[in-house]
file work.csv (CSV, C-alpha atoms)
chain,number,residue,atom,x,y,z
A,167,MET,CA,34.1,-38.9,-24.7
A,168,ILE,CA,35.3,-35.3,-24.9
A,169,ARG,CA,32.4,-33.1,-23.9
A,170,VAL,CA,32.1,-29.8,-25.9
A,171,VAL,CA,30.0,-26.7,-25.7
A,172,VAL,CA,29.7,-24.7,-28.9
A,173,VAL,CA,29.2,-20.9,-28.5
A,174,ASP,CA,28.2,-18.8,-31.5
A,175,ASP,CA,25.5,-16.1,-32.1
A,176,SER,CA,24.8,-17.5,-35.5
A,177,ALA,CA,22.3,-20.4,-35.6
A,178,PHE,CA,23.8,-21.6,-38.9
A,179,ASN,CA,27.3,-21.6,-37.4
A,180,ARG,CA,26.1,-23.5,-34.3
A,181,VAL,CA,24.5,-26.2,-36.5
A,182,THR,CA,27.4,-26.4,-38.8
A,183,LEU,CA,30.0,-26.8,-36.1
A,184,GLU,CA,27.8,-29.4,-34.3
A,185,LYS,CA,27.6,-31.4,-37.5
A,186,LEU,CA,31.3,-31.2,-38.1
A,187,LEU,CA,32.1,-32.4,-34.6
A,188,ARG,CA,29.4,-35.1,-34.7
A,189,THR,CA,31.4,-37.1,-37.2
A,190,ALA,CA,34.0,-37.8,-34.5
A,191,ALA,CA,33.2,-40.9,-32.4
A,192,ASP,CA,35.1,-39.5,-29.4
A,193,ILE,CA,33.6,-36.0,-29.3
A,194,GLU,CA,30.1,-35.1,-27.9
A,195,VAL,CA,28.5,-31.7,-28.3
A,196,VAL,CA,26.7,-31.5,-25.0
A,197,GLY,CA,25.4,-28.0,-25.5
A,198,THR,CA,25.2,-24.9,-27.7
A,199,ALA,CA,25.0,-21.3,-26.7
A,200,ARG,CA,23.7,-18.3,-28.7
A,201,ASP,CA,25.5,-15.5,-26.7
A,202,GLY,CA,27.9,-14.8,-23.9
A,203,PHE,CA,25.4,-15.0,-21.1
A,204,ASP,CA,24.0,-18.2,-22.5
A,205,ALA,CA,27.5,-19.6,-22.7
A,206,ILE,CA,28.1,-19.0,-19.0
A,207,ARG,CA,24.9,-20.7,-18.1
A,208,GLN,CA,25.8,-23.7,-20.2
A,209,ILE,CA,29.3,-24.0,-19.0
A,210,ARG,CA,28.2,-23.8,-15.3
A,211,VAL,CA,25.6,-26.5,-15.8
A,212,LEU,CA,27.3,-28.9,-18.2
A,213,GLN,CA,31.0,-28.5,-17.1
A,214,PRO,CA,32.4,-29.3,-20.6
A,215,ASP,CA,35.9,-30.5,-21.3
A,216,VAL,CA,36.4,-27.9,-24.1
A,217,VAL,CA,34.6,-24.8,-25.3
A,218,THR,CA,34.6,-23.5,-28.9
A,219,LEU,CA,34.0,-19.8,-28.8
A,220,ASP,CA,32.9,-17.1,-31.2
A,221,LEU,CA,34.3,-13.6,-30.3
A,222,GLU,CA,31.8,-11.2,-31.9
A,223,MET,CA,28.5,-11.6,-30.2
A,224,PRO,CA,25.8,-9.1,-29.0
A,225,GLY,CA,25.6,-8.4,-25.3
A,226,LEU,CA,28.5,-10.2,-23.6
A,227,ASP,CA,31.1,-11.0,-26.3
A,228,GLY,CA,33.6,-13.8,-26.4
A,229,LEU,CA,36.3,-11.7,-24.6
A,230,GLY,CA,33.9,-11.2,-21.7
A,231,VAL,CA,33.2,-15.0,-21.6
A,232,LEU,CA,37.0,-15.7,-21.6
A,233,ARG,CA,37.5,-13.3,-18.6
A,234,TRP,CA,34.7,-15.2,-16.7
A,235,ILE,CA,36.2,-18.6,-17.6
A,236,GLN,CA,39.6,-17.7,-16.4
A,237,ALA,CA,38.3,-16.3,-13.1
A,238,ASP,CA,35.5,-18.8,-12.3
A,239,ALA,CA,35.5,-21.9,-14.4
A,240,PRO,CA,38.9,-22.7,-16.1
A,241,VAL,CA,38.3,-24.8,-19.2
A,242,PRO,CA,40.3,-25.0,-22.5
A,243,VAL,CA,38.9,-22.7,-25.2
A,244,VAL,CA,39.3,-22.9,-28.9
A,245,VAL,CA,38.3,-19.6,-30.7
A,246,VAL,CA,36.4,-20.1,-33.9
A,247,THR,CA,36.8,-16.9,-35.9
A,248,SER,CA,36.3,-15.6,-39.4
A,249,ARG,CA,39.4,-13.4,-39.3
A,250,GLU,CA,42.9,-14.7,-38.4
A,251,SER,CA,44.4,-11.2,-38.2
A,252,ASN,CA,41.7,-9.7,-36.0
A,253,GLN,CA,43.0,-7.8,-33.0
A,254,SER,CA,40.3,-9.4,-30.9
A,255,LEU,CA,41.8,-12.8,-31.7
A,256,PHE,CA,45.2,-11.9,-30.1
A,257,GLN,CA,43.4,-10.4,-27.1
A,258,ALA,CA,41.6,-13.7,-26.7
A,259,LEU,CA,44.9,-15.6,-26.8
A,260,ARG,CA,46.3,-13.3,-24.2
A,261,LEU,CA,43.2,-13.8,-22.0
A,262,GLY,CA,43.8,-17.6,-22.1
A,263,ALA,CA,42.3,-19.0,-25.2
A,264,VAL,CA,44.4,-22.0,-26.2
A,265,ASP,CA,44.1,-22.0,-30.0
A,266,PHE,CA,41.9,-20.9,-32.9
A,267,VAL,CA,40.3,-22.2,-36.1
A,268,LEU,CA,39.1,-20.2,-39.0
A,269,LYS,CA,35.3,-20.2,-39.3
A,270,PRO,CA,34.2,-21.8,-42.6
A,271,GLY,CA,31.9,-20.1,-45.0
A,272,ARG,CA,28.4,-21.3,-45.6
A,273,VAL,CA,29.2,-23.3,-48.8
A,274,SER,CA,33.0,-23.6,-48.4
A,275,PRO,CA,34.6,-26.7,-49.9
A,276,ARG,CA,37.0,-26.6,-46.9
A,277,LEU,CA,34.3,-27.6,-44.4
A,278,PRO,CA,35.6,-31.2,-44.0
A,279,VAL,CA,39.2,-29.9,-43.6
A,280,VAL,CA,38.1,-27.3,-41.0
A,281,GLY,CA,36.1,-30.0,-39.2
A,282,GLU,CA,39.1,-32.3,-39.0
A,283,GLU,CA,41.3,-29.5,-37.7
A,284,LEU,CA,38.8,-28.6,-35.0
A,285,GLN,CA,38.4,-32.2,-34.0
A,286,ARG,CA,42.2,-32.6,-33.8
A,287,LYS,CA,42.6,-29.6,-31.6
A,288,ILE,CA,39.8,-30.6,-29.3
A,289,ARG,CA,41.3,-34.0,-28.8
A,290,ARG,CA,44.6,-32.5,-27.8
A,291,LEU,CA,42.9,-30.3,-25.2
A,292,GLY,CA,40.3,-32.8,-23.9
A,293,GLY,CA,42.5,-35.8,-23.2
A,294,GLY,CA,45.5,-36.4,-20.9
A,295,GLN,CA,48.8,-36.5,-22.7
A,296,GLY,CA,52.4,-37.3,-22.3
A,297,SER,CA,54.8,-38.3,-19.5
A,298,ARG,CA,57.7,-36.6,-17.9
A,299,ALA,CA,61.2,-38.1,-18.4
A,300,ALA,CA,64.4,-37.3,-16.7
A,301,ALA,CA,67.0,-35.4,-18.6
A,302,THR,CA,70.3,-37.1,-19.5
A,303,ALA,CA,73.9,-35.9,-19.3
A,304,ARG,CA,75.1,-33.0,-21.5
A,305,LEU,CA,77.0,-33.9,-24.6
A,306,THR,CA,80.5,-32.6,-25.4
A,307,PRO,CA,80.4,-28.9,-26.1
A,308,ALA,CA,81.3,-27.6,-29.5
A,309,VAL,CA,82.6,-24.1,-30.6
A,310,PRO,CA,80.7,-21.7,-32.9
A,311,MET,CA,81.1,-22.3,-36.6
A,312,SER,CA,82.9,-19.0,-37.0
A,313,GLY,CA,85.6,-20.2,-34.6
A,314,ARG,CA,85.5,-16.9,-32.7
A,315,LEU,CA,84.2,-16.1,-29.3
A,316,ALA,CA,80.5,-15.5,-29.4
A,317,PRO,CA,79.6,-11.8,-29.0
A,318,HIS,CA,76.6,-12.6,-26.8
A,319,GLY,CA,74.0,-15.3,-26.1
A,320,CYS,CA,71.1,-16.3,-28.4
A,321,ILE,CA,67.9,-17.8,-27.0
A,322,VAL,CA,65.3,-19.5,-29.2
A,323,LEU,CA,61.7,-19.8,-27.8
A,324,ALA,CA,59.4,-22.3,-29.6
A,325,ALA,CA,55.7,-22.8,-29.1
A,326,SER,CA,52.5,-23.9,-30.9
A,327,THR,CA,49.1,-24.5,-29.4
A,328,GLY,CA,48.7,-22.4,-26.3
A,329,GLY,CA,51.8,-20.5,-27.2
A,330,PRO,CA,50.7,-16.8,-27.3
A,331,PRO,CA,49.9,-16.4,-23.6
A,332,ALA,CA,52.9,-18.6,-22.6
A,333,LEU,CA,55.3,-16.5,-24.7
A,334,HIS,CA,53.7,-13.3,-23.4
A,335,ARG,CA,54.3,-14.6,-19.8
A,336,VAL,CA,57.9,-15.6,-20.5
A,337,LEU,CA,58.9,-12.3,-22.2
A,338,GLY,CA,57.1,-10.3,-19.6
A,339,LEU,CA,59.3,-11.9,-16.9
A,340,LEU,CA,62.6,-11.5,-18.7
A,341,PRO,CA,64.9,-8.6,-17.5
A,342,ALA,CA,65.1,-5.5,-19.7
A,343,ASP,CA,68.9,-5.8,-19.6
A,344,LEU,CA,69.0,-9.4,-20.8
A,345,PRO,CA,72.5,-10.0,-22.3
A,346,ALA,CA,71.2,-12.2,-25.1
A,347,ALA,CA,69.2,-11.9,-28.3
A,348,VAL,CA,65.8,-13.7,-28.3
A,349,LEU,CA,64.4,-15.4,-31.3
A,350,LEU,CA,60.8,-16.6,-31.2
A,351,VAL,CA,59.0,-19.3,-33.3
A,352,GLN,CA,55.2,-19.4,-32.8
A,353,HIS,CA,53.3,-21.6,-35.3
A,354,MET,CA,51.0,-19.0,-37.0
A,355,PRO,CA,49.8,-18.1,-40.5
A,356,PRO,CA,51.6,-15.3,-42.4
A,357,SER,CA,49.0,-12.7,-41.7
A,358,SER,CA,49.2,-13.1,-37.9
A,359,THR,CA,52.9,-13.0,-36.8
A,360,GLY,CA,53.3,-9.2,-37.5
A,361,ILE,CA,50.3,-8.4,-35.3
A,362,PHE,CA,51.4,-10.8,-32.7
A,363,ALA,CA,54.9,-9.2,-32.6
A,364,ARG,CA,53.3,-5.7,-32.1
A,365,ARG,CA,51.1,-7.0,-29.3
A,366,LEU,CA,54.1,-8.4,-27.5
A,367,ASP,CA,56.0,-5.2,-28.0
A,368,ASP,CA,53.2,-3.2,-26.5
A,369,SER,CA,53.2,-5.2,-23.3
A,370,CYS,CA,56.7,-6.6,-22.7
A,371,PRO,CA,59.8,-4.9,-21.3
A,372,LEU,CA,61.9,-6.1,-24.2
A,373,PRO,CA,61.5,-4.6,-27.7
A,374,VAL,CA,59.7,-7.1,-30.0
A,375,ARG,CA,59.4,-7.0,-33.8
A,376,GLU,CA,58.8,-9.3,-36.7
A,377,ALA,CA,62.1,-10.4,-38.2
A,378,THR,CA,63.2,-9.1,-41.6
A,379,SER,CA,66.1,-10.5,-43.8
A,380,GLY,CA,69.4,-9.1,-42.5
A,381,ALA,CA,68.0,-8.0,-39.1
A,382,GLU,CA,70.8,-7.9,-36.5
A,383,LEU,CA,70.6,-10.1,-33.4
A,384,THR,CA,71.0,-7.7,-30.6
A,385,PRO,CA,71.1,-8.4,-26.8
A,386,GLY,CA,67.8,-7.6,-25.1
A,387,GLN,CA,65.8,-7.6,-28.3
A,388,VAL,CA,63.2,-10.1,-29.6
A,389,LEU,CA,62.7,-11.2,-33.2
A,390,VAL,CA,59.6,-13.1,-34.2
A,391,ALA,CA,59.9,-15.6,-37.1
A,392,PRO,CA,57.4,-14.5,-39.8
A,393,GLY,CA,54.6,-16.9,-40.7
A,394,GLY,CA,55.2,-18.7,-44.0
A,395,LEU,CA,59.0,-18.3,-43.9
A,396,GLN,CA,61.9,-20.2,-42.4
A,397,MET,CA,64.2,-18.1,-40.2
A,398,THR,CA,67.9,-18.9,-39.9
A,399,VAL,CA,70.9,-17.0,-38.6
A,400,ALA,CA,74.4,-16.3,-40.0
A,401,GLU,CA,77.4,-14.1,-39.5
A,402,VAL,CA,77.4,-11.2,-41.9
A,403,ASP,CA,79.8,-8.3,-41.8
A,404,GLY,CA,81.0,-9.3,-38.3
A,405,ALA,CA,77.4,-9.4,-36.8
A,406,TRP,CA,74.9,-12.1,-36.2
A,407,ARG,CA,71.9,-11.6,-38.6
A,408,ALA,CA,68.6,-13.2,-39.4
A,409,GLY,CA,67.9,-14.8,-42.8
A,410,LEU,CA,64.6,-15.7,-44.3
A,411,ARG,CA,63.7,-18.2,-46.9
A,412,PRO,CA,60.5,-19.9,-48.2
A,413,GLY,CA,59.5,-23.2,-46.8
A,414,ARG,CA,60.4,-26.4,-48.6
A,415,SER,CA,58.2,-29.4,-49.4
A,416,GLU,CA,59.9,-31.5,-46.7
A,417,ASP,CA,59.2,-28.8,-44.0
A,418,GLN,CA,56.5,-29.9,-41.6
A,419,ASN,CA,56.3,-26.5,-40.0
A,420,VAL,CA,56.9,-23.0,-41.5
A,421,PRO,CA,58.3,-21.4,-39.5
A,422,SER,CA,60.1,-24.3,-37.8
A,423,ALA,CA,61.8,-24.3,-34.4
A,424,ASP,CA,64.0,-27.2,-35.6
A,425,VAL,CA,65.3,-25.2,-38.6
A,426,LEU,CA,66.0,-22.1,-36.5
A,427,MET,CA,67.6,-24.0,-33.6
A,428,ARG,CA,69.9,-26.0,-35.8
A,429,SER,CA,71.1,-22.8,-37.4
A,430,VAL,CA,71.6,-21.1,-34.0
A,431,ALA,CA,73.5,-24.1,-32.7
A,432,SER,CA,75.9,-24.1,-35.7
A,433,LEU,CA,76.5,-20.3,-35.5
A,434,CYS,CA,76.6,-19.8,-31.7
A,435,GLY,CA,77.8,-23.0,-30.2
A,436,PRO,CA,77.7,-23.0,-26.4
A,437,ALA,CA,76.2,-19.5,-26.5
A,438,ALA,CA,72.9,-20.9,-27.8
A,439,ALA,CA,69.9,-21.8,-25.7
A,440,GLY,CA,66.7,-23.5,-26.8
A,441,VAL,CA,63.3,-23.5,-25.0
A,442,VAL,CA,60.3,-25.6,-26.0
A,443,LEU,CA,57.0,-24.5,-24.6
A,444,THR,CA,53.4,-25.7,-25.0
A,445,GLY,CA,52.4,-27.1,-28.4
A,446,MET,CA,51.3,-30.0,-30.5
A,447,GLY,CA,53.7,-32.3,-32.4
A,448,GLY,CA,57.4,-32.6,-32.1
A,449,ASP,CA,58.9,-29.4,-33.6
A,450,GLY,CA,61.9,-28.3,-31.5
A,451,THR,CA,63.2,-31.8,-30.6
A,452,ARG,CA,65.9,-32.0,-33.3
A,453,GLY,CA,66.7,-28.4,-32.7
A,454,LEU,CA,67.3,-28.9,-29.0
A,455,GLU,CA,69.4,-31.9,-29.9
A,456,ALA,CA,71.7,-29.7,-32.0
A,457,ILE,CA,71.9,-27.0,-29.3
A,458,ARG,CA,72.7,-29.6,-26.7
A,459,ALA,CA,75.4,-31.1,-28.8
A,460,ALA,CA,76.9,-27.7,-29.3
A,461,GLY,CA,77.2,-27.2,-25.5
A,462,GLY,CA,74.2,-24.8,-25.2
A,463,LEU,CA,71.3,-24.9,-22.7
A,464,THR,CA,68.1,-26.8,-23.5
A,465,LEU,CA,64.9,-26.4,-21.5
A,466,ALA,CA,61.3,-27.7,-21.8
A,467,GLU,CA,58.1,-26.5,-20.1
A,468,SER,CA,56.7,-29.0,-17.6
A,469,SER,CA,53.4,-30.9,-17.9
A,470,ASP,CA,52.1,-29.0,-14.9
A,471,THR,CA,51.9,-25.7,-16.8
A,472,ALA,CA,51.9,-26.6,-20.5
A,473,VAL,CA,48.5,-26.3,-22.0
A,474,VAL,CA,49.4,-29.0,-24.6
A,475,PHE,CA,52.3,-31.2,-23.5
A,476,GLY,CA,53.1,-32.6,-27.0
A,477,MET,CA,56.2,-30.6,-28.0
A,478,PRO,CA,57.8,-30.6,-24.5
A,479,ARG,CA,57.0,-34.3,-24.0
A,480,GLN,CA,58.7,-35.4,-27.3
A,481,ALA,CA,61.8,-33.4,-26.5
A,482,ILE,CA,62.0,-34.8,-22.9
A,483,GLU,CA,61.5,-38.4,-24.0
A,484,ALA,CA,64.2,-37.9,-26.7
A,485,GLY,CA,66.7,-37.1,-23.9
A,486,VAL,CA,67.7,-33.7,-25.3
A,487,VAL,CA,66.5,-31.5,-22.4
A,488,ASP,CA,68.7,-30.3,-19.6
A,489,ARG,CA,66.0,-29.1,-17.3
A,490,VAL,CA,62.2,-29.3,-17.2
A,491,LEU,CA,60.6,-26.3,-15.6
A,492,ASP,CA,57.3,-24.7,-14.9
A,493,LEU,CA,56.5,-21.7,-17.1
A,494,ASP,CA,57.2,-19.0,-14.6
A,495,ALA,CA,60.6,-20.5,-13.7
A,496,ILE,CA,61.9,-20.4,-17.3
A,497,PRO,CA,62.7,-16.7,-17.6
A,498,ALA,CA,64.9,-16.6,-14.5
A,499,GLU,CA,66.8,-19.7,-15.7
A,500,VAL,CA,67.5,-18.3,-19.2
A,501,ALA,CA,68.5,-14.9,-17.6
A,502,ARG,CA,70.9,-16.7,-15.2
A,503,TRP,CA,72.4,-18.7,-18.1
A,504,ALA,CA,72.8,-15.6,-20.2
A,505,ARG,CA,74.7,-13.7,-17.5
A,506,SER,CA,76.9,-16.7,-16.7
A,507,GLU,CA,77.7,-17.0,-20.4
A,508,ILE,CA,78.8,-13.3,-20.4
A,509,GLU,CA,81.1,-14.0,-17.4
A,510,ARG,CA,82.5,-17.1,-19.0
A,511,ARG,CA,83.3,-15.4,-22.3
A,512,THR,CA,84.7,-12.4,-20.5
A,513,GLY,CA,87.0,-14.7,-18.5
A,514,THR,CA,88.0,-16.5,-21.7
A,515,ALA,CA,88.8,-13.3,-23.4
A,516,ARG,CA,91.1,-12.2,-20.5
A,517,GLU,CA,92.9,-15.5,-20.6
A,518,ALA,CA,93.5,-15.2,-24.3
A,519,ARG,CA,95.1,-11.8,-23.8

call {"tool": "encode", "arguments": {"input": "work.csv", "output": "structure tokens"}}
result
Amino acid sequence: MIRVVVVDDSAFNRVTLEKLLRTAADIEVVGTARDGFDAIRQIRVLQPDVVTLDLEMPGLDGLGVLRWIQADAPVPVVVVTSRESNQSLFQALRLGAVDFVLKPGRVSPRLPVVGEELQRKIRRLGGGQGSRAAATARLTPAVPMSGRLAPHGCIVLAASTGGPPALHRVLGLLPADLPAAVLLVQHMPPSSTGIFARRLDDSCPLPVREATSGAELTPGQVLVAPGGLQMTVAEVDGAWRAGLRPGRSEDQNVPSADVLMRSVASLCGPAAAGVVLTGMGGDGTRGLEAIRAAGGLTLAESSDTAVVFGMPRQAIEAGVVDRVLDLDAIPAEVARWARSEIERRTGTAREAR
């Protein structure tokens, strides 16, 4: 059984969430809390496997509870909120909340769907997952589709559940003079990615913005794939640029790491790098396969630091990962790779002359 404490200042919401979770045979609501101070008492006594947390509460709010949890009683937290674009939500994700679910209305017909989503996310956080497999040998490198020497490196970072704090950590440790463009896929709804990009831009050494169609891929800059759109890359007027298109019926994720990584592999060849971080599902596995076949670098976050080991695990078990690293080791590895790519391309250019 996965033991859950539900925290919400609304008695109606507490009862509703408890009813939604009670339909799952493997989830037990062991306690409910009406405010932040009550939540701390419940968590101390009951020691749950997962906490669902409202953010807007009188007295000690959800952000205060998160700060206490991170300092004194680490436990996975799913925020249950009524506003997906609320600034407090992104602050909560930065403080360590793993995921969020939109709070249902009192008579919403989506109640069963919301309940299933919440149960699924709690299961991912409350049970052990995955195994670690050794990476296999690199495939034969390919050249970029354009046939020309790549102007710089291109790094794709992919994440889902637990991704916002992980991406904030990785971007915060990358050097400001990184000689590669960075493209970022975080599974989020359309109204959230723009705010997420601005939050990253405010706190990371690299400039971060939400991608627009035709935006140039520039070394040392980060483009975030917009929610609800697929991002690809292409050579236009002698420069690498982002392209955006609506999702298709066969797309499981929009935006998708697989779609973006395959596009980057085709355009950039060995100057491409792909990194799969924490998240549910298998998005990124096929993309890493394409990057690896093109001679690029492929990395996955280790089970020791990934909040949810689903995406990294699938990529590792598919044999498409060059190295498995803890989160804090990833920035140094991609920076080293980007600098070595610059040296390699500079040497190739000299030999051609």

call {"tool": "atom_distance", "arguments": {"input": "work.csv", "atom1": "CA of Leu187 in chain A", "atom2": "CA of Pro240 in chain A"}}
result
22.0 Å

call {"tool": "closest_residue", "arguments": {"input": "work.csv", "among": "A:Gly281, A:Gly292, A:Gly448, A:Gly230", "to": "Pro214 in chain A", "atoms": "all atoms listed in the file"}}
result
A:Gly292

call {"tool": "residues_around", "arguments": {"input": "work.csv", "residues": "Pro478 in chain A", "least_positions_apart": "6", "cutoff": "10 Å", "atoms": "only C-alpha atoms", "output": "list in words"}}
result
Gly296, Ser297, Arg298, Ala324, Ala325, Val441, Val442, Leu443, Thr444, Gly445, Met446, Gly447, Gly448, Asp449, Gly450, Thr451, Leu465, Ala466, Glu467, Ser468, Ser469, Ala472, Ala484, Val487 and Val490 of chain A

call {"tool": "closest_residue", "arguments": {"input": "work.csv", "among": "A:Val390, A:Val245, A:Leu340, A:Leu291", "to": "Ala363 in chain A", "atoms": "all atoms listed in the file"}}
result
A:Val390

call {"tool": "closest_residue", "arguments": {"input": "work.csv", "among": "A:Arg407, A:Arg428, A:Arg335, A:Arg289", "to": "Val322 in chain A", "atoms": "only C-alpha atoms"}}
result
A:Arg428

call {"tool": "closest_residue", "arguments": {"input": "work.csv", "among": "A:Gly461, A:Ala400, A:Lys269, A:Gln208", "to": "Phe178 in chain A", "atoms": "only C-alpha atoms"}}
result
A:Lys269

call {"tool": "atom_distance", "arguments": {"input": "work.csv", "atom1": "CA of Leu395 in chain A", "atom2": "CA of Pro356 in chain A"}}
result
8.1 Å

call {"tool": "atom_distance", "arguments": {"input": "work.csv", "atom1": "CA of Pro331 in chain A", "atom2": "CA of Val264 in chain A"}}
result
8.3 Å

call {"tool": "residues_near_point", "arguments": {"input": "work.csv", "point": "(74.4, -25.6, -39.7)", "cutoff": "12 Å", "atoms": "all atoms listed in the file", "output": "ChimeraX atom specification"}}
result
/A:310-312,398-401,424-435,453,456-457,460

call {"tool": "residues_near_point", "arguments": {"input": "work.csv", "point": "(42.9, -20.0, -19.9)", "cutoff": "8 Å", "atoms": "all atoms listed in the file", "output": "VMD selection string"}}
result
chain A and resid 232 235 to 236 240 to 243 261 to 264

call {"tool": "closest_residue", "arguments": {"input": "work.csv", "among": "A:Val181, A:Leu221, A:Val172, A:Val336", "to": "Ala205 in chain A", "atoms": "all atoms listed in the file"}}
result
A:Val172

call {"tool": "residues_around", "arguments": {"input": "work.csv", "residues": "Leu183 in chain A", "least_positions_apart": "2", "cutoff": "10 Å", "atoms": "all atoms listed in the file", "output": "PyMOL selection string"}}
result
chain A and resi 172-174+178-181+185-188+195+198+218+246+269-270+277+280-281+284
